[in-house]
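Data block for coords-v7.cif (mmCIF, C-alpha atoms and all ligand atoms):
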data_data
loop_
_atom_site.label_atom_id
_atom_site.label_comp_id
_atom_site.auth_asym_id
_atom_site.auth_seq_id
_atom_site.Cartn_x
_atom_site.Cartn_y
_atom_site.Cartn_z
CA MET A 1 0.00 0.00 0.00
CA ALA A 2 1.21 3.47 -0.90
CA CYS A 3 0.43 4.84 2.55
CA CYS A 4 2.74 2.32 4.23
CA ARG A 5 5.75 3.27 2.15
CA TRP A 6 5.37 6.98 2.65
CA LYS A 7 7.19 8.93 5.33
CA HIS A 8 7.49 12.69 5.92
CA PRO A 9 8.43 14.55 9.10
CA THR A 10 5.86 17.39 8.97
CA MET A 11 3.27 16.90 6.23
CA SER A 12 0.56 14.28 6.17
CA LEU A 13 0.33 11.99 3.13
CA ILE A 14 -2.79 13.83 1.99
CA GLN A 15 -1.00 17.17 2.23
CA GLN A 16 1.93 15.87 0.21
CA ILE A 17 -0.35 14.53 -2.50
CA ASP A 18 -2.36 17.75 -2.48
CA ALA A 19 0.86 19.73 -2.89
CA LEU A 20 1.42 17.99 -6.23
CA LEU A 21 -2.06 18.76 -7.55
CA PRO A 22 -2.64 21.93 -9.58
CA GLN A 23 -5.30 23.48 -7.34
CA THR A 24 -7.63 24.54 -10.12
CA GLN A 25 -10.37 22.88 -8.03
CA CYS A 26 -12.04 22.01 -11.34
CA GLY A 27 -13.64 18.72 -10.30
CA LYS A 28 -12.58 16.85 -13.44
CA CYS A 29 -11.15 14.11 -11.20
CA GLY A 30 -14.68 13.44 -9.95
CA HIS A 31 -14.11 15.12 -6.60
CA PRO A 32 -15.29 18.56 -5.48
CA GLY A 33 -11.69 19.82 -5.36
CA CYS A 34 -8.04 18.86 -5.27
CA LYS A 35 -7.91 18.06 -1.54
CA PRO A 36 -10.76 15.51 -1.71
CA TYR A 37 -8.99 13.83 -4.64
CA ALA A 38 -5.78 13.82 -2.59
CA LYS A 39 -7.70 12.00 0.15
CA GLY A 40 -9.00 9.55 -2.44
CA ILE A 41 -5.47 8.87 -3.74
CA ALA A 42 -4.20 8.36 -0.18
CA GLN A 43 -6.85 5.67 0.13
CA GLY A 44 -5.74 3.93 -3.06
CA GLU A 45 -7.61 5.75 -5.83
CA ALA A 46 -5.96 5.91 -9.29
CA ILE A 47 -3.41 8.68 -9.77
CA ASN A 48 -4.33 9.50 -13.39
CA LYS A 49 -7.57 11.43 -13.01
CA CYS A 50 -6.31 15.01 -13.09
CA PRO A 51 -6.21 16.59 -16.57
CA PRO A 52 -4.90 19.99 -15.38
CA GLY A 53 -2.03 18.20 -13.64
CA GLY A 54 -1.31 16.18 -16.77
CA GLU A 55 1.41 13.60 -17.18
CA GLU A 56 3.84 15.57 -15.05
CA THR A 57 1.54 15.19 -12.06
CA VAL A 58 0.98 11.49 -12.69
CA ARG A 59 4.76 10.99 -12.68
CA ALA A 60 5.21 13.04 -9.52
CA LEU A 61 2.45 11.15 -7.74
CA ALA A 62 3.89 7.80 -8.86
CA GLN A 63 7.27 8.82 -7.49
CA LEU A 64 5.84 9.99 -4.18
CA LEU A 65 3.75 6.88 -3.70
CA ARG A 66 6.25 4.51 -5.34
CA VAL A 67 3.68 3.11 -7.71
CA PRO A 68 3.96 2.61 -11.49
CA VAL A 69 3.38 5.55 -13.83
CA ILE A 70 0.13 5.10 -15.76
CA GLU A 71 -1.45 6.94 -18.68
CA LEU A 72 -3.62 9.94 -18.03
CA ASP A 73 -7.29 8.91 -18.06
CA PRO A 74 -8.61 10.24 -21.44
CA GLU A 75 -12.18 10.09 -20.14
CA ARG A 76 -11.49 13.07 -17.88
CA GLY A 77 -11.11 15.60 -20.71
CA SER A 78 -8.37 18.13 -21.26
CA ALA A 79 -7.33 21.23 -19.37
CA PRO A 80 -5.01 23.67 -21.13
CA ALA A 81 -3.61 26.79 -19.48
CA GLN A 82 -6.57 29.10 -19.81
CA VAL A 83 -8.43 31.92 -18.24
CA ALA A 84 -12.08 32.87 -18.16
CA TYR A 85 -13.16 35.96 -20.04
CA ILE A 86 -16.52 37.64 -19.52
CA ARG A 87 -17.94 39.60 -22.43
CA GLU A 88 -19.04 42.43 -20.24
CA ALA A 89 -21.46 44.02 -22.68
CA GLU A 90 -23.52 40.83 -22.58
CA CYS A 91 -23.26 40.20 -18.83
CA ILE A 92 -26.61 40.62 -17.06
CA GLY A 93 -25.10 40.57 -13.56
CA CYS A 94 -26.91 37.43 -12.42
CA THR A 95 -23.96 36.38 -10.12
CA LYS A 96 -24.25 32.71 -11.10
CA CYS A 97 -20.59 32.61 -12.17
CA ILE A 98 -19.53 34.15 -8.85
CA GLN A 99 -21.34 31.39 -7.02
CA ALA A 100 -19.60 28.77 -9.17
CA CYS A 101 -16.04 30.07 -8.93
CA PRO A 102 -14.13 28.00 -6.36
CA VAL A 103 -11.45 30.62 -5.78
CA ASP A 104 -13.52 33.84 -5.80
CA ALA A 105 -11.84 35.07 -8.97
CA ILE A 106 -14.88 36.89 -10.31
CA LEU A 107 -15.70 40.36 -9.25
CA GLY A 108 -19.12 41.92 -9.48
CA ALA A 109 -22.45 42.09 -7.78
CA ALA A 110 -26.09 41.55 -8.58
CA LYS A 111 -27.23 43.47 -11.67
CA LEU A 112 -23.71 44.74 -12.34
CA MET A 113 -21.43 43.44 -15.01
CA HIS A 114 -18.84 40.98 -13.79
CA SER A 115 -15.13 40.81 -14.40
CA VAL A 116 -12.57 38.03 -14.00
CA ILE A 117 -9.46 38.70 -11.93
CA VAL A 118 -7.03 37.15 -14.36
CA ASP A 119 -4.25 36.49 -11.84
CA GLU A 120 -6.64 34.64 -9.54
CA CYS A 121 -8.43 32.59 -12.20
CA THR A 122 -7.23 28.98 -12.25
CA GLY A 123 -8.91 28.28 -15.60
CA CYS A 124 -11.17 25.60 -14.12
CA ASP A 125 -14.03 26.67 -16.46
CA LEU A 126 -16.68 25.99 -13.79
CA CYS A 127 -18.13 29.43 -14.39
CA VAL A 128 -18.90 28.80 -18.08
CA ALA A 129 -21.84 26.40 -17.82
CA PRO A 130 -23.93 28.29 -15.23
CA CYS A 131 -23.96 31.53 -17.28
CA PRO A 132 -27.55 31.87 -18.59
CA VAL A 133 -26.53 34.16 -21.48
CA ASP A 134 -23.33 32.34 -22.48
CA CYS A 135 -21.19 35.42 -22.09
CA ILE A 136 -18.19 33.60 -20.55
CA GLU A 137 -15.55 32.03 -22.73
CA MET A 138 -12.22 30.40 -21.95
CA ARG A 139 -9.20 32.02 -23.59
CA PRO A 140 -5.55 30.99 -23.67
CA LEU A 141 -3.68 32.20 -20.59
CA PRO A 142 -1.78 35.42 -21.37
CA ALA A 143 2.00 34.91 -21.53
CA ASN A 144 2.58 37.16 -18.51
CA VAL A 145 0.36 35.10 -16.20
CA ILE A 146 1.82 32.10 -14.33
CA PRO A 147 0.02 28.85 -15.25
CA VAL A 148 -0.98 26.40 -12.50
CA VAL A 149 -1.49 23.45 -14.84
CA GLY A 150 1.23 20.85 -15.18
CA GLY A 151 3.76 20.39 -17.98
CA LEU A 152 4.62 24.03 -18.67
CA ALA A 153 7.28 24.91 -16.10
CA GLN A 154 10.83 24.36 -17.32
CA GLN A 155 13.18 26.42 -15.14
CA ALA A 156 13.60 26.25 -11.38
CA GLY A 157 12.13 29.76 -11.09
CA GLU A 158 9.05 28.72 -13.05
CA PHE A 159 8.50 25.71 -10.80
CA GLU A 160 8.80 27.92 -7.75
CA ALA A 161 6.39 30.55 -9.15
CA ARG A 162 3.90 27.80 -10.01
CA ALA A 163 4.17 26.27 -6.54
CA ASN A 164 3.49 29.68 -4.98
CA LYS A 165 0.53 30.27 -7.24
CA ARG A 166 -0.92 26.85 -6.48
CA GLN A 167 -0.51 27.49 -2.79
CA HIS A 168 -2.27 30.81 -3.19
CA ALA A 169 -5.13 29.17 -5.13
CA ARG A 170 -5.46 26.56 -2.37
CA TRP A 171 -5.62 29.32 0.22
CA ARG A 172 -8.32 31.19 -1.70
CA TYR A 173 -10.30 27.99 -2.09
CA GLU A 174 -10.08 27.25 1.64
CA GLN A 175 -10.99 30.83 2.53
CA ARG A 176 -14.03 30.55 0.34
CA GLN A 177 -15.06 27.24 1.91
CA THR A 178 -14.72 28.80 5.36
CA ARG A 179 -16.76 31.82 4.30
CA LEU A 180 -19.51 29.67 2.80
CA ALA A 181 -19.67 27.55 5.96
CA ARG A 182 -19.86 30.68 8.09
CA GLU A 183 -22.62 32.16 5.94
CA GLU A 184 -24.58 28.92 6.12
CA THR A 185 -24.28 28.89 9.91
CA THR A 186 -25.48 32.49 10.05
CA ARG A 187 -28.39 31.68 7.74
CA GLN A 188 -29.42 28.72 9.87
CA ALA A 189 -29.17 30.75 13.06
CA ALA A 190 -31.29 33.51 11.50
CA ARG A 191 -33.87 30.96 10.34
CA ALA A 192 -34.01 29.41 13.79
CA ALA A 193 -34.35 32.82 15.40
CA ARG A 194 -37.18 33.77 13.04
CA SER A 195 -39.13 30.58 13.61
CA GLN A 196 -38.72 30.63 17.39
CA PRO A 197 -39.15 34.07 18.90
CA THR A 198 -37.33 33.91 22.21
CA VAL A 199 -38.65 34.63 25.64
CA ALA A 200 -36.02 37.33 25.88
CA ALA A 201 -37.43 39.02 22.79
CA HIS A 202 -40.90 38.96 24.29
CA SER A 203 -39.77 40.41 27.58
CA ARG A 204 -37.70 43.00 25.79
CA ALA A 205 -40.72 44.05 23.76
CA GLU A 206 -42.82 44.28 26.89
CA ALA A 207 -40.18 46.11 28.83
CA GLU A 208 -39.52 48.74 26.18
CA PRO A 209 -42.84 49.87 24.76
CA GLN A 210 -41.61 53.44 24.44
CA THR A 211 -38.70 52.25 22.27
CA HIS A 212 -41.13 50.53 19.94
CA ALA A 213 -43.16 53.65 19.72
CA LEU A 214 -40.08 55.53 18.53
CA ARG A 215 -38.89 52.86 16.10
CA PRO A 216 -40.88 53.55 12.93
CA SER A 217 -39.21 56.85 12.20
CA GLY A 218 -35.79 55.33 13.08
CA HIS A 219 -36.49 52.30 10.90
CA GLU A 220 -37.58 54.39 7.95
CA ALA A 221 -34.56 56.65 8.30
CA ALA A 222 -32.24 53.63 8.45
CA LEU A 223 -33.92 52.14 5.38
CA LYS A 224 -33.54 55.38 3.47
CA GLN A 225 -29.89 55.69 4.47
CA ALA A 226 -29.22 52.06 3.49
CA LYS A 227 -30.72 52.70 0.04
CA ILE A 228 -28.56 55.75 -0.44
CA THR A 229 -25.44 53.88 0.68
CA LEU A 230 -26.24 51.03 -1.70
CA ALA A 231 -26.84 53.39 -4.61
CA MET A 232 -23.54 55.14 -3.94
CA ALA A 233 -21.63 51.86 -3.62
CA ARG A 234 -23.20 50.61 -6.86
CA ALA A 235 -22.34 53.80 -8.70
CA GLN A 236 -18.74 53.73 -7.48
CA LEU A 237 -18.24 50.09 -8.41
CA HIS A 238 -19.90 50.52 -11.77
CA LYS A 239 -17.82 53.56 -12.56
CA SER A 240 -14.57 51.82 -11.63
CA LEU A 241 -15.45 48.65 -13.54
CA LYS A 242 -16.04 50.76 -16.63
CA ALA A 243 -12.99 52.95 -16.12
CA PHE A 244 -10.46 50.20 -15.47
CA GLY A 245 -9.04 48.22 -18.35
CA HIS A 246 -9.41 44.51 -18.86
CA PRO A 247 -7.60 42.92 -17.19
CA PRO A 248 -7.33 45.45 -14.38
CA THR A 249 -3.92 46.12 -12.82
CA ALA A 250 -3.13 44.66 -9.40
CA GLN A 251 -3.86 48.00 -7.78
CA GLN A 252 -7.14 48.36 -9.65
CA GLN A 253 -8.08 44.82 -8.66
CA ALA A 254 -7.48 45.62 -5.02
CA GLN A 255 -9.66 48.71 -5.41
CA LEU A 256 -12.37 46.74 -7.19
CA ASN A 257 -12.24 44.10 -4.46
CA GLN A 258 -12.79 46.74 -1.84
CA LEU A 259 -15.61 48.40 -3.76
CA GLY A 260 -17.18 45.01 -4.38
CA GLN A 261 -17.10 44.22 -0.67
CA GLN A 262 -18.59 47.60 0.17
CA PHE A 263 -21.37 47.01 -2.33
CA GLU A 264 -22.12 43.55 -0.95
CA LEU A 265 -22.17 44.86 2.60
CA ALA A 266 -24.54 47.67 1.59
CA GLU A 267 -26.75 45.17 -0.19
CA GLN A 268 -26.82 42.88 2.85
CA ALA A 269 -27.56 45.79 5.18
CA LEU A 270 -30.52 46.87 3.05
CA ALA A 271 -31.81 43.30 2.70
CA THR A 272 -31.63 42.83 6.47
CA LEU A 273 -33.54 46.05 7.07
CA GLU A 274 -36.15 45.20 4.47
CA LYS A 275 -36.65 41.73 5.93
CA SER A 276 -36.91 42.92 9.51
CA PRO A 277 -40.55 43.16 10.59
CA GLN A 278 -42.05 46.59 10.27
CA PRO A 279 -42.34 48.02 13.73
CA PRO A 280 -45.85 48.81 14.85
CA ALA A 281 -47.19 52.28 14.18
CA PRO A 282 -46.65 54.63 17.08
CA LYS A 283 -49.38 54.48 19.62
CA THR A 284 -51.28 57.70 19.73
CA HIS A 285 -53.11 58.66 22.88
CA PRO A 286 -56.73 59.14 21.84
CA GLN A 287 -57.66 60.01 25.39
CA GLY A 288 -55.55 63.15 25.14
CA SER A 289 -57.48 64.70 22.28
CA ASP A 290 -60.83 63.35 23.56
CA LEU A 291 -60.21 64.98 26.91
CA LYS A 292 -59.51 68.27 25.24
CA ARG A 293 -62.70 68.02 23.21
CA ALA A 294 -64.70 67.05 26.30
CA LYS A 295 -63.39 70.06 28.22
CA ILE A 296 -64.47 72.38 25.42
CA GLN A 297 -67.91 70.76 25.40
CA LEU A 298 -68.19 71.22 29.17
CA ALA A 299 -67.24 74.86 28.90
CA LEU A 300 -69.91 75.36 26.20
CA ARG A 301 -72.58 73.52 28.17
CA ARG A 302 -71.77 75.54 31.31
CA ALA A 303 -71.92 78.77 29.34
CA GLU A 304 -75.34 77.82 27.92
CA LEU A 305 -76.60 76.97 31.38
CA LYS A 306 -75.27 80.20 32.89
CA LYS A 307 -76.85 82.24 30.11
CA SER A 308 -80.19 80.51 30.62
CA ILE A 309 -80.07 81.09 34.39
CA ASN A 310 -79.30 84.75 33.78
CA LEU A 311 -82.34 84.92 31.49
CA ASP A 312 -84.52 83.49 34.30
CA LEU A 313 -85.75 80.63 32.15
CA PRO A 314 -88.20 78.20 33.81
CA THR A 315 -86.82 75.22 35.73
CA GLN A 316 -88.09 72.65 33.22
CA GLU A 317 -86.10 74.41 30.50
CA LEU A 318 -82.98 74.53 32.64
CA ALA A 319 -83.14 70.81 33.51
CA PRO A 320 -81.85 69.43 30.17
CA LEU A 321 -79.05 72.01 30.21
CA LYS A 322 -78.03 70.89 33.69
CA GLU A 323 -78.09 67.27 32.55
CA ALA A 324 -75.85 68.17 29.59
CA VAL A 325 -73.35 69.77 32.00
CA ASP A 326 -73.49 66.64 34.21
CA ARG A 327 -72.85 64.37 31.24
CA ALA A 328 -69.91 66.51 30.10
CA GLU A 329 -68.42 66.43 33.61
CA LYS A 330 -68.82 62.63 33.83
CA LEU A 331 -67.18 62.18 30.46
CA ILE A 332 -64.18 64.25 31.57
CA ALA A 333 -63.93 62.25 34.80
CA SER A 334 -63.93 58.92 32.93
CA LEU A 335 -61.36 60.12 30.38
CA THR A 336 -59.14 61.43 33.16
CA ASP A 337 -59.35 58.05 34.95
CA ALA A 338 -58.49 56.18 31.75
CA SER A 339 -55.40 58.25 31.04
CA SER A 340 -53.99 58.15 34.58
S1 LIG B 1 -7.21 20.23 -10.65
FE1 LIG B 1 -7.08 18.01 -10.75
S2 LIG B 1 -7.22 17.35 -8.63
FE2 LIG B 1 -7.87 19.48 -8.69
S3 LIG B 1 -10.09 19.31 -8.87
FE3 LIG B 1 -9.26 19.47 -10.97
S4 LIG B 1 -8.99 17.35 -11.64
FE4 LIG B 1 -9.30 17.30 -9.42
S1 LIG B 2 -13.22 32.60 -13.10
FE1 LIG B 2 -14.16 30.76 -13.94
S2 LIG B 2 -12.47 29.63 -14.82
FE2 LIG B 2 -11.56 31.16 -13.50
S3 LIG B 2 -11.31 30.11 -11.52
FE3 LIG B 2 -13.29 31.11 -11.43
S4 LIG B 2 -14.77 29.57 -12.12
FE4 LIG B 2 -12.71 28.86 -12.73
#

Can you turn what I pasted into structure tokens?
Amino acid sequence: MACCRWKHPTMSLIQQIDALLPQTQCGKCGHPGCKPYAKGIAQGEAINKCPPGGEETVRALAQLLRVPVIELDPERGSAPAQVAYIREAECIGCTKCIQACPVDAILGAAKLMHSVIVDECTGCDLCVAPCPVDCIEMRPLPANVIPVVGGLAQQAGEFEARANKRQHARWRYEQRQTRLAREETTRQAARAARSQPTVAAHSRAEAEPQTHALRPSGHEAALKQAKITLAMARAQLHKSLKAFGHPPTAQQQAQLNQLGQQFELAEQALATLEKSPQPPAPKTHPQGSDLKRAKIQLALRRAELKKSINLDLPTQELAPLKEAVDRAEKLIASLTDASS
């Protein structure tokens, strides 16, 4: 067994195998990435399933594991040194390619045209199929970009540059996996929180009625501000995407990355605000205005009564006026009780 012959002081067998794989994370080996295939090889799987690695990788794996060199499996397709190119005029900004890219090499956001970061693209071509308008094509890797696929490095410096780039691609892939796991955890927690309002939330709501009463204006203001922030972030990103050349320089890429992150954050902030339940309308105090009206009515009824008394009207004519004053006084008393 290969695993019994292998010995290394610091790296596991899987890590050593993974270090020989090109890190395009393309899945052509039948695994969701290079590391899972490395695990498969460590458990005895064939070493000839990686087209991007090519014959060079098969030889290196055979040497590491001390097994015979075999032919590359032709069923797995081919994988030249290539890079994805998005025809930006046709891009509808659906983000499907971003979701497919295993190393986060595509920049853009919903409803904005997308762009490939050439230096980060491993040429895996996983972004091509999901594009609903077929605006992504694979092009030969430019001569000034280091290829990760096997068989092209000749000099020691080229091998070293390739190893560094592969390591970087692995790191980006792992960062992405970590991010996706974190986002999934957050989503699940949010779902759980939505479906099970906590006791704490109830008591908080009961304990802070005055805060709730103030919330609508605060919520609306926050929503408005979030929309403005999103519009500004979108405009900035759009402007930069248009202004920068293709491919963008390293500095432009860094700037685009930052703008992209700001846009995504603004989008998330707005989505969160829009999803949050609308706070109840502020409670008005009807008793307040009713009391005022009742006091005016009492003053009027008293004035009518006083006028009638001054005119020496008969008792039977004064009686209904007195009753009206009584009713107005009782109404004020009941409203005062209710508001205290
Ligand atoms: S580069 Fe090779 S090992 Fe990595 S996912 Fe693609 S086929 Fe599998
Ligand atoms: S941009 Fe496309 S081809 Fe390049 S790494 Fe991402 S998914 Fe693969």

Do you know which residues are within 10 Å of ligand LIG 2 (chain B) using all atoms listed in the file? Can you write them as a PyMOL selection string?
chain A and resi 23-26+82-86+97-107+115-130+136-139+169+173

Please, which residues in chain A fall within 10 Å of ligand LIG 1 (chain B) when counting only C-alpha atoms and all ligand atoms, and what is the closest atom pair and distance in Å to one decimal for each, ordered by chain then residue number, as JSON lines?
{"residue": "A:Ile17", "atom": "CA", "partner": "B:LIG1", "partner_atom": "S2", "distance": 9.6}
{"residue": "A:Asp18", "atom": "CA", "partner": "B:LIG1", "partner_atom": "S2", "distance": 7.8}
{"residue": "A:Leu20", "atom": "CA", "partner": "B:LIG1", "partner_atom": "S2", "distance": 9.0}
{"residue": "A:Leu21", "atom": "CA", "partner": "B:LIG1", "partner_atom": "S2", "distance": 5.5}
{"residue": "A:Pro22", "atom": "CA", "partner": "B:LIG1", "partner_atom": "S1", "distance": 5.0}
{"residue": "A:Gln23", "atom": "CA", "partner": "B:LIG1", "partner_atom": "FE2", "distance": 4.9}
{"residue": "A:Thr24", "atom": "CA", "partner": "B:LIG1", "partner_atom": "S1", "distance": 4.4}
{"residue": "A:Gln25", "atom": "CA", "partner": "B:LIG1", "partner_atom": "S3", "distance": 3.7}
{"residue": "A:Cys26", "atom": "CA", "partner": "B:LIG1", "partner_atom": "FE3", "distance": 3.8}
{"residue": "A:Gly27", "atom": "CA", "partner": "B:LIG1", "partner_atom": "S3", "distance": 3.9}
{"residue": "A:Lys28", "atom": "CA", "partner": "B:LIG1", "partner_atom": "S4", "distance": 4.0}
{"residue": "A:Cys29", "atom": "CA", "partner": "B:LIG1", "partner_atom": "S4", "distance": 3.9}
{"residue": "A:Gly30", "atom": "CA", "partner": "B:LIG1", "partner_atom": "FE4", "distance": 6.6}
{"residue": "A:His31", "atom": "CA", "partner": "B:LIG1", "partner_atom": "FE4", "distance": 6.0}
{"residue": "A:Pro32", "atom": "CA", "partner": "B:LIG1", "partner_atom": "S3", "distance": 6.3}
{"residue": "A:Gly33", "atom": "CA", "partner": "B:LIG1", "partner_atom": "S3", "distance": 3.9}
{"residue": "A:Cys34", "atom": "CA", "partner": "B:LIG1", "partner_atom": "FE2", "distance": 3.5}
{"residue": "A:Lys35", "atom": "CA", "partner": "B:LIG1", "partner_atom": "S2", "distance": 7.2}
{"residue": "A:Pro36", "atom": "CA", "partner": "B:LIG1", "partner_atom": "S2", "distance": 8.0}
{"residue": "A:Tyr37", "atom": "CA", "partner": "B:LIG1", "partner_atom": "S2", "distance": 5.6}
{"residue": "A:Ala38", "atom": "CA", "partner": "B:LIG1", "partner_atom": "S2", "distance": 7.1}
{"residue": "A:Ile41", "atom": "CA", "partner": "B:LIG1", "partner_atom": "S2", "distance": 9.9}
{"residue": "A:Ile47", "atom": "CA", "partner": "B:LIG1", "partner_atom": "S2", "distance": 9.5}
{"residue": "A:Asn48", "atom": "CA", "partner": "B:LIG1", "partner_atom": "S4", "distance": 9.3}
{"residue": "A:Lys49", "atom": "CA", "partner": "B:LIG1", "partner_atom": "S4", "distance": 6.2}
{"residue": "A:Cys50", "atom": "CA", "partner": "B:LIG1", "partner_atom": "S4", "distance": 3.8}
{"residue": "A:Pro51", "atom": "CA", "partner": "B:LIG1", "partner_atom": "S4", "distance": 5.7}
{"residue": "A:Pro52", "atom": "CA", "partner": "B:LIG1", "partner_atom": "S1", "distance": 5.3}
{"residue": "A:Gly53", "atom": "CA", "partner": "B:LIG1", "partner_atom": "FE1", "distance": 5.8}
{"residue": "A:Gly54", "atom": "CA", "partner": "B:LIG1", "partner_atom": "FE1", "distance": 8.5}
{"residue": "A:Thr57", "atom": "CA", "partner": "B:LIG1", "partner_atom": "FE1", "distance": 9.2}
{"residue": "A:Arg76", "atom": "CA", "partner": "B:LIG1", "partner_atom": "S4", "distance": 8.0}
{"residue": "A:Gly77", "atom": "CA", "partner": "B:LIG1", "partner_atom": "S4", "distance": 9.5}
{"residue": "A:Ser78", "atom": "CA", "partner": "B:LIG1", "partner_atom": "S4", "distance": 9.7}
{"residue": "A:Ala79", "atom": "CA", "partner": "B:LIG1", "partner_atom": "S1", "distance": 8.8}
{"residue": "A:Pro102", "atom": "CA", "partner": "B:LIG1", "partner_atom": "S3", "distance": 9.9}
{"residue": "A:Thr122", "atom": "CA", "partner": "B:LIG1", "partner_atom": "S1", "distance": 8.9}
{"residue": "A:Gly123", "atom": "CA", "partner": "B:LIG1", "partner_atom": "S1", "distance": 9.6}
{"residue": "A:Cys124", "atom": "CA", "partner": "B:LIG1", "partner_atom": "FE3", "distance": 7.2}
{"residue": "A:Val148", "atom": "CA", "partner": "B:LIG1", "partner_atom": "S1", "distance": 9.0}
{"residue": "A:Val149", "atom": "CA", "partner": "B:LIG1", "partner_atom": "S1", "distance": 7.8}
{"residue": "A:Gly150", "atom": "CA", "partner": "B:LIG1", "partner_atom": "S1", "distance": 9.6}
{"residue": "A:Arg170", "atom": "CA", "partner": "B:LIG1", "partner_atom": "FE2", "distance": 9.8}

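Among the candidates A:Thr186, A:Thr336, A:Thr10, A:Thr229, the residue lying nearest to Asp290 in chain A is A:Thr336 (atoms considered: all atoms listed in the file).
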
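Here CA of Leu180 in chain A stands at a distance of 22.8 Å from CA of Glu274 in chain A.
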
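Our summary of the geometry notes that CA of Leu318 in chain A is positioned 14.6 Å from CA of Leu300 in chain A.
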
Just the residues within 12 Å of Val325 in chain A, please, counting all atoms listed in the file, with nothing from its chain fewer than 6 positions along; format it as a ChimeraX atom specification.
/A:294-306,318-319,331-332

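If you look at CA of Leu313 in chain A and CA of Glu329 in chain A, they are 22.5 Å away from each other.
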
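Residue nearest Ala60 in chain A within the list A:Asn310, A:Gln316, A:Gln261, A:Gln16: A:Gln16 [criterion: smallest interatomic distance, all atoms listed in the file].
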